[in-house]
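Trainee: Input structure: input.cif, which contains mmCIF, C-alpha atoms.
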data_structure
loop_
_atom_site.group_PDB
_atom_site.id
_atom_site.type_symbol
_atom_site.label_atom_id
_atom_site.label_comp_id
_atom_site.auth_asym_id
_atom_site.auth_seq_id
_atom_site.Cartn_x
_atom_site.Cartn_y
_atom_site.Cartn_z
ATOM 1 C CA MET A 1055 13.902 -34.285 12.023
ATOM 2 C CA THR A 1056 14.509 -32.602 15.377
ATOM 3 C CA LYS A 1057 13.242 -29.086 16.100
ATOM 4 C CA LYS A 1058 16.788 -27.726 16.059
ATOM 5 C CA GLN A 1059 17.514 -29.437 12.755
ATOM 6 C CA GLU A 1060 14.282 -27.958 11.389
ATOM 7 C CA ALA A 1061 15.459 -24.507 12.506
ATOM 8 C CA VAL A 1062 18.753 -24.989 10.654
ATOM 9 C CA VAL A 1063 16.961 -26.067 7.466
ATOM 10 C CA ARG A 1064 14.395 -23.264 7.728
ATOM 11 C CA THR A 1065 17.220 -20.739 8.164
ATOM 12 C CA ALA A 1066 19.108 -22.215 5.203
ATOM 13 C CA LEU A 1067 15.960 -21.814 3.083
ATOM 14 C CA GLU A 1068 15.611 -18.195 4.240
ATOM 15 C CA ILE A 1069 19.184 -17.506 3.126
ATOM 16 C CA LEU A 1070 18.437 -19.250 -0.159
ATOM 17 C CA GLU A 1071 15.443 -16.933 -0.717
ATOM 18 C CA ASP A 1072 17.381 -13.816 0.240
ATOM 19 C CA LYS A 1073 20.687 -14.389 -1.522
ATOM 20 C CA GLY A 1074 20.609 -17.568 -3.618
ATOM 21 C CA ILE A 1075 22.267 -20.962 -3.407
ATOM 22 C CA GLU A 1076 25.824 -19.609 -3.429
ATOM 23 C CA ALA A 1077 25.188 -17.761 -0.148
ATOM 24 C CA VAL A 1078 24.023 -20.841 1.767
ATOM 25 C CA SER A 1079 26.801 -21.893 4.124
ATOM 26 C CA MET A 1080 27.198 -23.255 7.628
ATOM 27 C CA ARG A 1081 28.733 -19.940 8.678
ATOM 28 C CA ALA A 1082 25.842 -17.888 7.250
ATOM 29 C CA ILE A 1083 23.311 -20.121 9.025
ATOM 30 C CA ALA A 1084 25.214 -19.859 12.322
ATOM 31 C CA GLU A 1085 25.373 -16.071 12.040
ATOM 32 C CA ARG A 1086 21.672 -15.773 11.293
ATOM 33 C CA LEU A 1087 20.754 -18.098 14.174
ATOM 34 C CA GLY A 1088 23.221 -16.437 16.529
ATOM 35 C CA VAL A 1089 24.987 -19.712 17.348
ATOM 36 C CA ARG A 1090 28.425 -21.191 16.821
ATOM 37 C CA MET A 1091 29.189 -22.931 13.541
ATOM 38 C CA ASN A 1092 29.775 -26.202 15.426
ATOM 39 C CA THR A 1093 26.146 -26.114 16.532
ATOM 40 C CA VAL A 1094 24.973 -25.940 12.927
ATOM 41 C CA LEU A 1095 27.380 -28.728 11.946
ATOM 42 C CA TRP A 1096 26.050 -30.893 14.773
ATOM 43 C CA HIS A 1097 22.533 -30.703 13.351
ATOM 44 C CA ALA A 1098 23.321 -30.657 9.619
ATOM 45 C CA LYS A 1099 26.402 -32.958 9.709
ATOM 46 C CA SER A 1100 27.842 -31.562 6.436
ATOM 47 C CA LYS A 1101 27.055 -29.083 3.673
ATOM 48 C CA ALA A 1102 26.027 -32.006 1.422
ATOM 49 C CA HIS A 1103 23.582 -33.303 4.034
ATOM 50 C CA LEU A 1104 22.252 -29.794 4.636
ATOM 51 C CA LEU A 1105 21.472 -29.499 0.922
ATOM 52 C CA GLU A 1106 19.738 -32.897 1.036
ATOM 53 C CA LEU A 1107 17.584 -31.702 3.930
ATOM 54 C CA MET A 1108 16.808 -28.470 2.088
ATOM 55 C CA ALA A 1109 15.891 -30.433 -1.043
ATOM 56 C CA ASP A 1110 13.647 -32.694 0.992
ATOM 57 C CA ALA A 1111 11.907 -29.673 2.523
ATOM 58 C CA ILE A 1112 11.318 -28.211 -0.944
ATOM 59 C CA VAL A 1113 9.963 -31.490 -2.359
ATOM 60 C CA GLY A 1114 7.845 -31.872 0.778
ATOM 61 C CA GLU A 1115 5.857 -28.834 -0.337
ATOM 62 C CA ALA A 1116 4.506 -30.849 -3.292
ATOM 63 C CA SER A 1117 1.303 -32.132 -1.738
ATOM 64 C CA THR A 1118 0.274 -35.718 -2.380
ATOM 65 C CA ARG A 1119 -3.253 -35.168 -1.027
ATOM 66 C CA ASP A 1120 -6.517 -34.872 -2.937
ATOM 67 C CA LEU A 1121 -5.182 -36.388 -6.150
ATOM 68 C CA PRO A 1122 -7.376 -37.462 -9.069
ATOM 69 C CA ALA A 1123 -8.234 -41.163 -9.178
ATOM 70 C CA PRO A 1124 -7.285 -41.932 -12.814
ATOM 71 C CA TRP A 1125 -3.599 -42.803 -12.828
ATOM 72 C CA LYS A 1126 -2.488 -40.557 -15.728
ATOM 73 C CA GLU A 1127 -4.292 -37.577 -14.239
ATOM 74 C CA ARG A 1128 -2.642 -38.373 -10.899
ATOM 75 C CA VAL A 1129 0.838 -38.441 -12.462
ATOM 76 C CA HIS A 1130 0.085 -35.222 -14.362
ATOM 77 C CA GLU A 1131 -1.040 -33.463 -11.176
ATOM 78 C CA LEU A 1132 1.954 -34.736 -9.178
ATOM 79 C CA ALA A 1133 4.365 -33.455 -11.820
ATOM 80 C CA HIS A 1134 2.722 -30.016 -11.744
ATOM 81 C CA ARG A 1135 2.856 -29.897 -7.952
ATOM 82 C CA TYR A 1136 6.520 -30.951 -8.000
ATOM 83 C CA ARG A 1137 7.358 -28.181 -10.473
ATOM 84 C CA ALA A 1138 5.434 -25.623 -8.408
ATOM 85 C CA ALA A 1139 7.374 -26.613 -5.279
ATOM 86 C CA LEU A 1140 10.691 -26.192 -7.118
ATOM 87 C CA LEU A 1141 9.713 -22.808 -8.537
ATOM 88 C CA ALA A 1142 8.412 -21.564 -5.184
ATOM 89 C CA HIS A 1143 12.009 -21.172 -3.973
ATOM 90 C CA ARG A 1144 14.803 -19.119 -5.444
ATOM 91 C CA ASP A 1145 17.233 -21.664 -6.947
ATOM 92 C CA GLY A 1146 14.881 -24.424 -5.737
ATOM 93 C CA ALA A 1147 15.494 -26.606 -8.777
ATOM 94 C CA ALA A 1148 19.261 -26.199 -8.432
ATOM 95 C CA VAL A 1149 19.123 -27.287 -4.791
ATOM 96 C CA VAL A 1150 17.091 -30.399 -5.576
ATOM 97 C CA THR A 1151 19.061 -31.238 -8.730
ATOM 98 C CA GLY A 1152 22.330 -31.137 -6.856
ATOM 99 C CA THR A 1153 21.322 -33.730 -4.264
ATOM 100 C CA TYR A 1154 20.500 -37.375 -3.839
ATOM 101 C CA ALA A 1155 18.019 -36.984 -1.024
ATOM 102 C CA ALA A 1156 16.844 -40.323 0.346
ATOM 103 C CA GLU A 1157 14.819 -38.376 2.889
ATOM 104 C CA PRO A 1158 11.185 -38.910 3.977
ATOM 105 C CA ALA A 1159 9.371 -36.257 1.897
ATOM 106 C CA THR A 1160 11.322 -37.070 -1.269
ATOM 107 C CA LEU A 1161 10.719 -40.799 -0.830
ATOM 108 C CA HIS A 1162 7.019 -40.236 -0.103
ATOM 109 C CA PHE A 1163 6.586 -38.141 -3.238
ATOM 110 C CA ALA A 1164 8.376 -40.723 -5.407
ATOM 111 C CA ASP A 1165 6.374 -43.537 -3.802
ATOM 112 C CA THR A 1166 3.120 -41.748 -4.624
ATOM 113 C CA MET A 1167 4.110 -41.235 -8.248
ATOM 114 C CA VAL A 1168 5.343 -44.809 -8.660
ATOM 115 C CA GLU A 1169 2.095 -46.064 -7.114
ATOM 116 C CA ALA A 1170 0.120 -44.169 -9.762
ATOM 117 C CA LEU A 1171 2.291 -45.603 -12.535
ATOM 118 C CA LEU A 1172 1.914 -49.127 -11.163
ATOM 119 C CA ASP A 1173 -1.858 -48.558 -10.979
ATOM 120 C CA GLY A 1174 -1.663 -47.795 -14.689
ATOM 121 C CA GLY A 1175 -0.358 -51.295 -15.359
ATOM 122 C CA LEU A 1176 3.295 -50.438 -15.861
ATOM 123 C CA ASP A 1177 5.737 -53.106 -14.744
ATOM 124 C CA ALA A 1178 8.205 -52.314 -11.972
ATOM 125 C CA ARG A 1179 11.051 -51.252 -14.260
ATOM 126 C CA LYS A 1180 8.893 -49.052 -16.480
ATOM 127 C CA ALA A 1181 7.190 -47.439 -13.461
ATOM 128 C CA ALA A 1182 10.533 -46.632 -11.823
ATOM 129 C CA TRP A 1183 12.125 -45.343 -15.018
ATOM 130 C CA THR A 1184 9.074 -43.281 -15.964
ATOM 131 C CA CYS A 1185 9.082 -41.693 -12.516
ATOM 132 C CA TRP A 1186 12.731 -40.720 -12.967
ATOM 133 C CA THR A 1187 12.093 -39.467 -16.498
ATOM 134 C CA ILE A 1188 9.359 -37.136 -15.237
ATOM 135 C CA VAL A 1189 11.450 -35.995 -12.272
ATOM 136 C CA TYR A 1190 14.547 -35.320 -14.409
ATOM 137 C CA PHE A 1191 12.530 -33.515 -17.094
ATOM 138 C CA THR A 1192 10.828 -31.366 -14.455
ATOM 139 C CA LEU A 1193 14.096 -30.577 -12.674
ATOM 140 C CA GLY A 1194 15.853 -29.643 -15.901
ATOM 141 C CA LEU A 1195 13.152 -27.345 -17.197
ATOM 142 C CA ALA A 1196 12.586 -25.726 -13.789
ATOM 143 C CA GLN A 1197 16.311 -25.126 -13.420
ATOM 144 C CA GLU A 1198 16.422 -23.516 -16.871
ATOM 145 C CA GLU A 1199 13.392 -21.380 -16.016
ATOM 146 C CA GLN A 1200 14.991 -20.143 -12.814
ATOM 147 C CA ALA A 1201 18.256 -19.371 -14.600
ATOM 148 C CA ALA A 1202 16.674 -17.689 -17.643
ATOM 149 C CA PRO A 1203 17.392 -13.985 -18.084
ATOM 150 C CA LEU A 1204 14.478 -11.794 -17.091
ATOM 151 C CA SER A 1205 14.378 -10.307 -20.579
ATOM 152 C CA GLU A 1206 15.665 -11.531 -23.921
ATOM 153 C CA ASP A 1207 19.253 -10.378 -24.043
ATOM 154 C CA GLY A 1208 19.927 -11.476 -27.599
ATOM 155 C CA ARG A 1209 22.811 -13.865 -26.824
ATOM 156 C CA LEU A 1210 21.072 -16.895 -28.323
ATOM 157 C CA ALA A 1211 20.101 -15.083 -31.528
ATOM 158 C CA GLU A 1212 23.617 -13.690 -31.848
ATOM 159 C CA ALA A 1213 25.247 -17.093 -31.348
ATOM 160 C CA VAL A 1214 22.903 -18.874 -33.772
ATOM 161 C CA GLY A 1215 23.154 -16.017 -36.272
ATOM 162 C CA THR A 1216 26.839 -16.693 -36.933
ATOM 163 C CA GLY A 1217 25.761 -19.038 -39.714
ATOM 164 C CA GLY A 1218 27.072 -22.311 -38.346
ATOM 165 C CA PHE A 1219 23.730 -23.554 -37.045
ATOM 166 C CA PRO A 1220 21.215 -23.605 -39.941
ATOM 167 C CA SER A 1221 18.690 -25.930 -38.283
ATOM 168 C CA LEU A 1222 18.689 -23.909 -35.080
ATOM 169 C CA ALA A 1223 18.226 -20.739 -37.136
ATOM 170 C CA LYS A 1224 15.015 -22.223 -38.587
ATOM 171 C CA VAL A 1225 13.538 -22.809 -35.124
ATOM 172 C CA LEU A 1226 15.077 -19.816 -33.333
ATOM 173 C CA PRO A 1227 11.751 -18.158 -32.402
ATOM 174 C CA GLN A 1228 10.690 -21.367 -30.640
ATOM 175 C CA LEU A 1229 14.055 -21.728 -28.866
ATOM 176 C CA GLY A 1230 13.764 -18.261 -27.427
ATOM 177 C CA ASP A 1231 10.145 -18.733 -26.413
ATOM 178 C CA ALA A 1232 9.986 -18.312 -22.659
ATOM 179 C CA SER A 1233 6.556 -19.914 -22.228
ATOM 180 C CA PHE A 1234 7.791 -22.443 -19.699
ATOM 181 C CA ASN A 1235 4.275 -23.518 -18.702
ATOM 182 C CA GLU A 1236 3.490 -24.557 -22.272
ATOM 183 C CA ARG A 1237 6.880 -26.205 -22.710
ATOM 184 C CA PHE A 1238 6.340 -28.167 -19.501
ATOM 185 C CA ASP A 1239 2.864 -29.328 -20.521
ATOM 186 C CA TYR A 1240 4.149 -30.298 -23.966
ATOM 187 C CA GLY A 1241 7.013 -32.399 -22.610
ATOM 188 C CA LEU A 1242 4.911 -34.005 -19.896
ATOM 189 C CA SER A 1243 2.194 -34.907 -22.404
ATOM 190 C CA LEU A 1244 4.808 -36.564 -24.646
ATOM 191 C CA ILE A 1245 5.984 -38.689 -21.735
ATOM 192 C CA LEU A 1246 2.465 -39.655 -20.677
ATOM 193 C CA ARG A 1247 1.320 -40.385 -24.229
ATOM 194 C CA SER A 1248 4.269 -42.739 -24.669
ATOM 195 C CA LEU A 1249 2.798 -44.937 -21.927
#
Can you dump the structure from the file as structure tokens?
Mentor:
Amino acid sequence: MTKKQEAVVRTALEILEDKGIEAVSMRAIAERLGVRMNTVLWHAKSKAHLLELMADAIVGEASTRDLPAPWKERVHELAHRYRAALLAHRDGAAVVTGTYAAEPATLHFADTMVEALLDGGLDARKAAWTCWTIVYFTLGLAQEEQAAPLSEDGRLAEAVGTGGFPSLAKVLPQLGDASFNERFDYGLSLILRSL
């Protein structure tokens, strides 16, 4: 990535932090940088590519250094670092979820996780599919966490309380539980135990 492209991505991430994903646009980046919109387009190519570069920058914050040696512990640690990188940015999970970033940091992270899974004796297909399962689970839960209301607003209880959802009514306290850290550890442990 060139220095000017890095400046465009950094500015896009600043806008993301300030105003959210809906505010990120070529025009907003150009205004913040004090350049013409064509200059931003030259370096980002398109809004879709800009989002891919932003996603790659976010994933790149998930360090792959100083990992535990045992393969399951390595995968566990990588998943936690990935989640932390997503949550470190406003709408970070939404940015990453909405892209197919075949960019260096994203590929490096996936390569590191697949390596750990292969070290655990998984065949190529199972290693690849397990990597995607962990990534998709992490993205989904992080996106829900970032979209969750700051306080319980009662909409879920009201909707379930209409009487048409008896099984959901039985587990309603658990559905409304906002302990995302515990939910993440629970889901990740299910995936890892299945291996």
Trainee: Can you spell out as a ChimeraX atom specification the set of residues that the PyMOL selection byres ((chain A and resi 1185) around 8) selects in the structure I just provided?
Mentor: /A:1164,1167-1168,1171,1181-1184,1186-1189
Trainee: Please, could you write that set of residues out with C-alpha atoms as a PDB file, keeping the file's coordinate frame?
Mentor:
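This is the output file selection08.pdb:
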ATOM      1  CA  ALA A1164       8.376 -40.723  -5.407  1.00  0.00           C
ATOM      2  CA  MET A1167       4.110 -41.235  -8.248  1.00  0.00           C
ATOM      3  CA  VAL A1168       5.343 -44.809  -8.660  1.00  0.00           C
ATOM      4  CA  LEU A1171       2.291 -45.603 -12.535  1.00  0.00           C
ATOM      5  CA  ALA A1181       7.190 -47.439 -13.461  1.00  0.00           C
ATOM      6  CA  ALA A1182      10.533 -46.632 -11.823  1.00  0.00           C
ATOM      7  CA  TRP A1183      12.125 -45.343 -15.018  1.00  0.00           C
ATOM      8  CA  THR A1184       9.074 -43.281 -15.964  1.00  0.00           C
ATOM      9  CA  TRP A1186      12.731 -40.720 -12.967  1.00  0.00           C
ATOM     10  CA  THR A1187      12.093 -39.467 -16.498  1.00  0.00           C
ATOM     11  CA  ILE A1188       9.359 -37.136 -15.237  1.00  0.00           C
ATOM     12  CA  VAL A1189      11.450 -35.995 -12.272  1.00  0.00           C
TER      13      VAL A1189
END
Trainee: Calculated over all atoms listed in the file, which of the candidates A:Glu1212, A:Glu1085, A:Glu1236, A:Glu1198 has the smallest distance to Asp1145 (chain A)?
Mentor: A:Glu1198
Trainee: Expanded to explicit residues, what is the PyMOL selection byres ((chain A and resi 1173) around 12) for this file, as a list in words?
Mentor: Ala1123, Pro1124, Trp1125, Lys1126, Glu1127, Arg1128, Val1129, Thr1166, Met1167, Val1168, Glu1169, Ala1170, Leu1171, Leu1172, Gly1174, Gly1175, Leu1176, Asp1177, Ala1178 and Ala1181 of chain A
Trainee: For Trp1096 (chain A), which residue among A:Val1113, A:Thr1056, A:Val1078, A:Pro1122 is the nearest when counting only C-alpha atoms?
Mentor: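 Among the listed residues, A:Thr1056 lies closest to Trp1096 (chain A).
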Trainee: How far is it from CA of Ala1147 (chain A) to CA of Gln1197 (chain A), in Å with one decimal?
Mentor: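 Spanning CA of Ala1147 (chain A) to CA of Gln1197 (chain A) is a straight-line distance of 4.9 Å.
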Trainee: List, as an NGL selection string, every residue that the PyMOL selection byres ((chain A and resi 1148-1152) around 10) selects in the file provided.
Mentor: :A and (1070 or 1074-1075 or 1102 or 1105-1113 or 1140 or 1143-1147 or 1153-1155 or 1160 or 1189-1190 or 1193-1194 or 1196-1198 or 1200-1201)
Trainee: Save out the residues we just selected, C-alpha atoms, as a PDB file, keeping the file's coordinate frame.
Mentor:
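To be explicit, this is the file written out as result23.pdb:
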ATOM      1  CA  LEU A1070      18.437 -19.250  -0.159  1.00  0.00           C
ATOM      2  CA  GLY A1074      20.609 -17.568  -3.618  1.00  0.00           C
ATOM      3  CA  ILE A1075      22.267 -20.962  -3.407  1.00  0.00           C
ATOM      4  CA  ALA A1102      26.027 -32.006   1.422  1.00  0.00           C
ATOM      5  CA  LEU A1105      21.472 -29.499   0.922  1.00  0.00           C
ATOM      6  CA  GLU A1106      19.738 -32.897   1.036  1.00  0.00           C
ATOM      7  CA  LEU A1107      17.584 -31.702   3.930  1.00  0.00           C
ATOM      8  CA  MET A1108      16.808 -28.470   2.088  1.00  0.00           C
ATOM      9  CA  ALA A1109      15.891 -30.433  -1.043  1.00  0.00           C
ATOM     10  CA  ASP A1110      13.647 -32.694   0.992  1.00  0.00           C
ATOM     11  CA  ALA A1111      11.907 -29.673   2.523  1.00  0.00           C
ATOM     12  CA  ILE A1112      11.318 -28.211  -0.944  1.00  0.00           C
ATOM     13  CA  VAL A1113       9.963 -31.490  -2.359  1.00  0.00           C
ATOM     14  CA  LEU A1140      10.691 -26.192  -7.118  1.00  0.00           C
ATOM     15  CA  HIS A1143      12.009 -21.172  -3.973  1.00  0.00           C
ATOM     16  CA  ARG A1144      14.803 -19.119  -5.444  1.00  0.00           C
ATOM     17  CA  ASP A1145      17.233 -21.664  -6.947  1.00  0.00           C
ATOM     18  CA  GLY A1146      14.881 -24.424  -5.737  1.00  0.00           C
ATOM     19  CA  ALA A1147      15.494 -26.606  -8.777  1.00  0.00           C
ATOM     20  CA  THR A1153      21.322 -33.730  -4.264  1.00  0.00           C
ATOM     21  CA  TYR A1154      20.500 -37.375  -3.839  1.00  0.00           C
ATOM     22  CA  ALA A1155      18.019 -36.984  -1.024  1.00  0.00           C
ATOM     23  CA  THR A1160      11.322 -37.070  -1.269  1.00  0.00           C
ATOM     24  CA  VAL A1189      11.450 -35.995 -12.272  1.00  0.00           C
ATOM     25  CA  TYR A1190      14.547 -35.320 -14.409  1.00  0.00           C
ATOM     26  CA  LEU A1193      14.096 -30.577 -12.674  1.00  0.00           C
ATOM     27  CA  GLY A1194      15.853 -29.643 -15.901  1.00  0.00           C
ATOM     28  CA  ALA A1196      12.586 -25.726 -13.789  1.00  0.00           C
ATOM     29  CA  GLN A1197      16.311 -25.126 -13.420  1.00  0.00           C
ATOM     30  CA  GLU A1198      16.422 -23.516 -16.871  1.00  0.00           C
ATOM     31  CA  GLN A1200      14.991 -20.143 -12.814  1.00  0.00           C
ATOM     32  CA  ALA A1201      18.256 -19.371 -14.600  1.00  0.00           C
TER      33      ALA A1201
END
Trainee: What gap, in Å, lies between CA of Glu1131 (chain A) and CA of Arg1179 (chain A)?
Mentor: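 Rounded to one decimal, the two atoms are 21.7 Å apart.
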Trainee: Smallest atom-to-atom distance to Pro1158 (chain A): which of A:Leu1067, A:Phe1191, A:Val1094, A:Gly1114, using only C-alpha atoms?
Mentor: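 Nearest to Pro1158 (chain A): A:Gly1114.
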Trainee: Can you pull out every residue within 12 Å of Tyr1240 (chain A), counting only C-alpha atoms, but drop anything in the same chain fewer than 5 positions away, and send it as a list of chain:residue names?
Mentor: A:His1130, A:Phe1191, A:Thr1192, A:Leu1195, A:Ser1233, A:Phe1234, A:Asn1235, A:Ile1245, A:Leu1246, A:Arg1247
Trainee: Have a look at A:Ala1098, A:Arg1119, A:His1103, A:Arg1064 and name the one nearest to Ala1156 (chain A); count only C-alpha atoms.
Mentor: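 When distances to Ala1156 (chain A) are compared using only C-alpha atoms, the smallest one comes from A:His1103.
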Trainee: Grab the CA of Arg1237 (chain A) to CA of Leu1249 (chain A) distance for me, in Å with one decimal place.
Mentor: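 Between CA of Arg1237 (chain A) and CA of Leu1249 (chain A) the gap is 19.2 Å.
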Trainee: Which neighbours of Gly1088 (chain A) fall inside 12 Å, counting only C-alpha atoms, when residues of the same chain fewer than 6 positions from it are skipped, and could you give them as a list in words?
Mentor: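 Within the cut-off, the hits are Ala1061, Val1062, Thr1065, Met1080, Arg1081, Ala1082 and Val1094 of chain A.
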Trainee: Report as a ChimeraX atom specification all protein, DNA and RNA residues lying within 9 Å of Ser1117 (chain A), evaluated on all atoms listed in the file, omitting residues in the same chain fewer than 6 positions from it.
Mentor: /A:1132,1135-1136,1139,1163
Trainee: Which one is closest to Arg1086 (chain A): A:Ala1066, A:Leu1229, A:Leu1244, A:Leu1121? Count all atoms listed in the file.
Mentor: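 The closest residue to Arg1086 (chain A) is A:Ala1066.
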